[in-house]
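For reference, the structure is listed below as structure tokens.
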Amino acid sequence: MNETLNEILSQFQPTQIIDFATCDKDNKPKVRPVTLKYIDSRFWVLTFSRSAKAEQLRNNPNFEFCIVFGKDENSNYLRANGKVEITEDMDTKKMIAEKTEFFSMFWKTHDDPGYMLLELKIEEYVYTKAGSMEEVIVKA
């Protein structure tokens with residue numbers, strides 16, 4: 001793995017808020033904050049199976065997210081894009097549910113039909129280091 005990708009991945013916590021973009025049926029972008037889970041070097045988003053976001057991703061699996069790391073003059077940001085895979089594997093859904101603090105606020109069990117688990121398959125990172133305006137593009 002290259003040095004910049006290592007630097008990017010080292011900044012992720014198991015749980016953080018990101019700005020997550022999808023496209024609606026008219027190809028208009030829709031952005032909302034979501035909780036990103038970073039577990040075992042994989043990226044996950046838990047959502048409601050009947051949400052607008054879920055419907056948009058069923059029709060068009062492309063996404064982009066943005067996150068700011070750090071604060072003030074030490075902050076940097078990352079955009080990442082790729083395709084979503086809807087996870088149907090019950091063992092995986094259970095494992096992610098058990099590692100998600102807020103899970104029981106929204107769903108009863110990992111096999112709740114209202115619970116949808118999305119794996120974000122990142123294809124490209126666009127990274128700006130602290131103190132720089134230069135974007136560095138890293139292929140996943």
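Residues are referred to by chain and number: the chain letter is A, B, ... according to the order shown in the structure tokens, the number counts from 1 in that chain, and ligands are numbered separately from 1 in the order shown.
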Handout entry: DSSP strand (DSSP E or B) residues within chain A, listed as an NGL selection string
Key = :A and (15-23 or 29-39 or 42-48 or 62-69 or 76-87 or 115-128 or 135-139)
Practice task
Give me the residues within 10 Å of A:Phe106 as a PyMOL selection string, counting only C-alpha atoms and dropping any in the same chain fewer than 6 places off.
Solution key: chain A and resi 47-48+112+114-115
Handout entry: Residue nearest A:Leu78 among A:Lys53, A:Lys129, A:Lys37, A:Lys139 (counting only C-alpha atoms)
Key = A:Lys129
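Across A:Leu46, A:Leu117, A:Ala54, A:Met105, the tightest approach to A:Asp24 is made by A:Ala54 when counting only C-alpha atoms.
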Handout entry: DSSP alpha helix (DSSP H) selection over chain A, as a list of chain:residue names
Key = A:Glu3, A:Thr4, A:Leu5, A:Asn6, A:Glu7, A:Ile8, A:Leu9, A:Ser10, A:Ala52, A:Lys53, A:Ala54, A:Glu55, A:Gln56, A:Leu57, A:Arg58, A:Asn59, A:Met90, A:Asp91, A:Thr92, A:Lys93, A:Lys94, A:Met95, A:Ile96, A:Ala97, A:Glu98, A:Phe103, A:Ser104, A:Met105, A:Phe106
Generate the output file for the selected residues, N, CA and C atoms, as a compact mmCIF listing (two decimals), in the first residue's frame.
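Here's the written file out08.txt:
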```
# COMPACT_ATOMS: atom_id res chain seq x y z
N GLU A 3 2.25 5.14 0.58
CA GLU A 3 2.37 5.97 1.78
C GLU A 3 1.16 6.90 1.97
N THR A 4 0.68 7.53 0.90
CA THR A 4 -0.46 8.44 1.02
C THR A 4 -1.72 7.69 1.41
N LEU A 5 -1.94 6.52 0.83
CA LEU A 5 -3.12 5.73 1.20
C LEU A 5 -3.04 5.31 2.66
N ASN A 6 -1.86 4.93 3.12
CA ASN A 6 -1.69 4.60 4.55
C ASN A 6 -2.03 5.80 5.43
N GLU A 7 -1.59 6.99 5.02
CA GLU A 7 -1.88 8.21 5.77
C GLU A 7 -3.38 8.46 5.81
N ILE A 8 -4.04 8.30 4.68
CA ILE A 8 -5.50 8.50 4.61
C ILE A 8 -6.21 7.54 5.56
N LEU A 9 -5.94 6.26 5.41
CA LEU A 9 -6.66 5.25 6.18
C LEU A 9 -6.38 5.35 7.68
N SER A 10 -5.20 5.83 8.06
CA SER A 10 -4.85 5.94 9.48
C SER A 10 -5.71 6.98 10.20
N ALA A 52 -34.90 7.15 1.00
CA ALA A 52 -34.60 7.70 -0.32
C ALA A 52 -33.18 7.32 -0.73
N LYS A 53 -32.26 7.34 0.21
CA LYS A 53 -30.86 6.98 -0.07
C LYS A 53 -30.78 5.55 -0.58
N ALA A 54 -31.50 4.63 0.07
CA ALA A 54 -31.48 3.23 -0.35
C ALA A 54 -32.04 3.07 -1.77
N GLU A 55 -33.12 3.75 -2.04
CA GLU A 55 -33.73 3.68 -3.37
C GLU A 55 -32.79 4.26 -4.43
N GLN A 56 -32.16 5.37 -4.12
CA GLN A 56 -31.21 5.97 -5.06
C GLN A 56 -30.06 5.02 -5.36
N LEU A 57 -29.55 4.36 -4.34
CA LEU A 57 -28.41 3.46 -4.53
C LEU A 57 -28.81 2.16 -5.22
N ARG A 58 -30.06 1.73 -5.07
CA ARG A 58 -30.52 0.57 -5.84
C ARG A 58 -30.52 0.89 -7.34
N ASN A 59 -30.89 2.12 -7.66
CA ASN A 59 -30.96 2.55 -9.06
C ASN A 59 -29.61 2.95 -9.63
N MET A 90 -26.08 -12.45 6.38
CA MET A 90 -26.58 -12.24 7.75
C MET A 90 -25.47 -12.22 8.79
N ASP A 91 -24.43 -12.99 8.61
CA ASP A 91 -23.32 -12.96 9.58
C ASP A 91 -22.64 -11.59 9.57
N THR A 92 -22.46 -11.03 8.38
CA THR A 92 -21.85 -9.70 8.27
C THR A 92 -22.77 -8.65 8.85
N LYS A 93 -24.06 -8.73 8.52
CA LYS A 93 -25.02 -7.76 9.05
C LYS A 93 -25.05 -7.81 10.59
N LYS A 94 -24.97 -9.01 11.13
CA LYS A 94 -24.96 -9.17 12.59
C LYS A 94 -23.68 -8.57 13.19
N MET A 95 -22.54 -8.85 12.60
CA MET A 95 -21.26 -8.35 13.11
C MET A 95 -21.25 -6.82 13.12
N ILE A 96 -21.69 -6.20 12.04
CA ILE A 96 -21.72 -4.74 11.98
C ILE A 96 -22.73 -4.19 12.98
N ALA A 97 -23.88 -4.81 13.08
CA ALA A 97 -24.90 -4.38 14.05
C ALA A 97 -24.34 -4.40 15.47
N GLU A 98 -23.62 -5.46 15.81
CA GLU A 98 -23.06 -5.59 17.16
C GLU A 98 -21.97 -4.55 17.44
N PHE A 103 -27.35 1.04 16.95
CA PHE A 103 -28.17 0.09 16.18
C PHE A 103 -29.55 -0.12 16.81
N SER A 104 -29.60 -0.38 18.10
CA SER A 104 -30.88 -0.71 18.76
C SER A 104 -31.85 0.47 18.82
N MET A 105 -31.38 1.67 18.52
CA MET A 105 -32.27 2.82 18.48
C MET A 105 -33.17 2.78 17.24
N PHE A 106 -32.76 2.04 16.21
CA PHE A 106 -33.47 2.04 14.94
C PHE A 106 -33.99 0.67 14.51
```
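Omitting A:Trp44 and its sequence neighbours fewer than 3 positions away, and counting only C-alpha atoms, the residues within 8 Å are Leu36, Lys37, Tyr38, Ile39, Leu117, Leu118, Glu119 and Leu120 of chain A.
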Let me see the file: selected residues, C-alpha atoms, as a PDB file, in the first residue's frame.
```pdb
ATOM      1  CA  LEU A  36     -19.638   5.753   8.523  1.00  0.00           C
ATOM      2  CA  LYS A  37     -18.350   2.618  10.194  1.00  0.00           C
ATOM      3  CA  TYR A  38     -14.723   1.697   9.452  1.00  0.00           C
ATOM      4  CA  ILE A  39     -14.252  -1.891  10.574  1.00  0.00           C
ATOM      5  CA  LEU A 117     -26.203  -2.591   5.244  1.00  0.00           C
ATOM      6  CA  LEU A 118     -24.152  -0.883   2.560  1.00  0.00           C
ATOM      7  CA  GLU A 119     -20.510  -1.599   1.909  1.00  0.00           C
ATOM      8  CA  LEU A 120     -18.725   1.301   0.272  1.00  0.00           C
TER       9      LEU A 120
END
```
Problem - Atom pair atom CA of A:Val84 / atom CA of A:Glu134: separation (Å) - result: 27.4 Å
Exercise for the section: Grab the atom CA of A:Phe65 to atom CA of A:Thr128 distance for me, in Å with one decimal place. Expected result: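 Going from atom CA of A:Phe65 over to atom CA of A:Thr128 covers 14.0 Å.
Proximity of A:Lys71, A:Asn60, A:His110, A:Gln13 to A:Lys28, computed with only C-alpha atoms, is greatest for A:Asn60.
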Handout entry: Selected residue of minimal separation from A:Ile67 among A:Pro29, A:Ser51, A:Ala130, A:Asp19, counting only C-alpha atoms
Key =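 Selected residue with least distance to A:Ile67: A:Asp19.
Among the candidates A:Asp111, A:Ala21, A:Asp40, A:Lys30, the one nearest to A:Lys99 when counting only C-alpha atoms is A:Asp40.
Going from atom CA of A:Glu101 to atom CA of A:Thr22 covers 24.9 Å.
Of the listed residues (A:Met116, A:Val136, A:Cys23, A:Val34), A:Val136 comes nearest to A:Tyr77; the distances count only C-alpha atoms.
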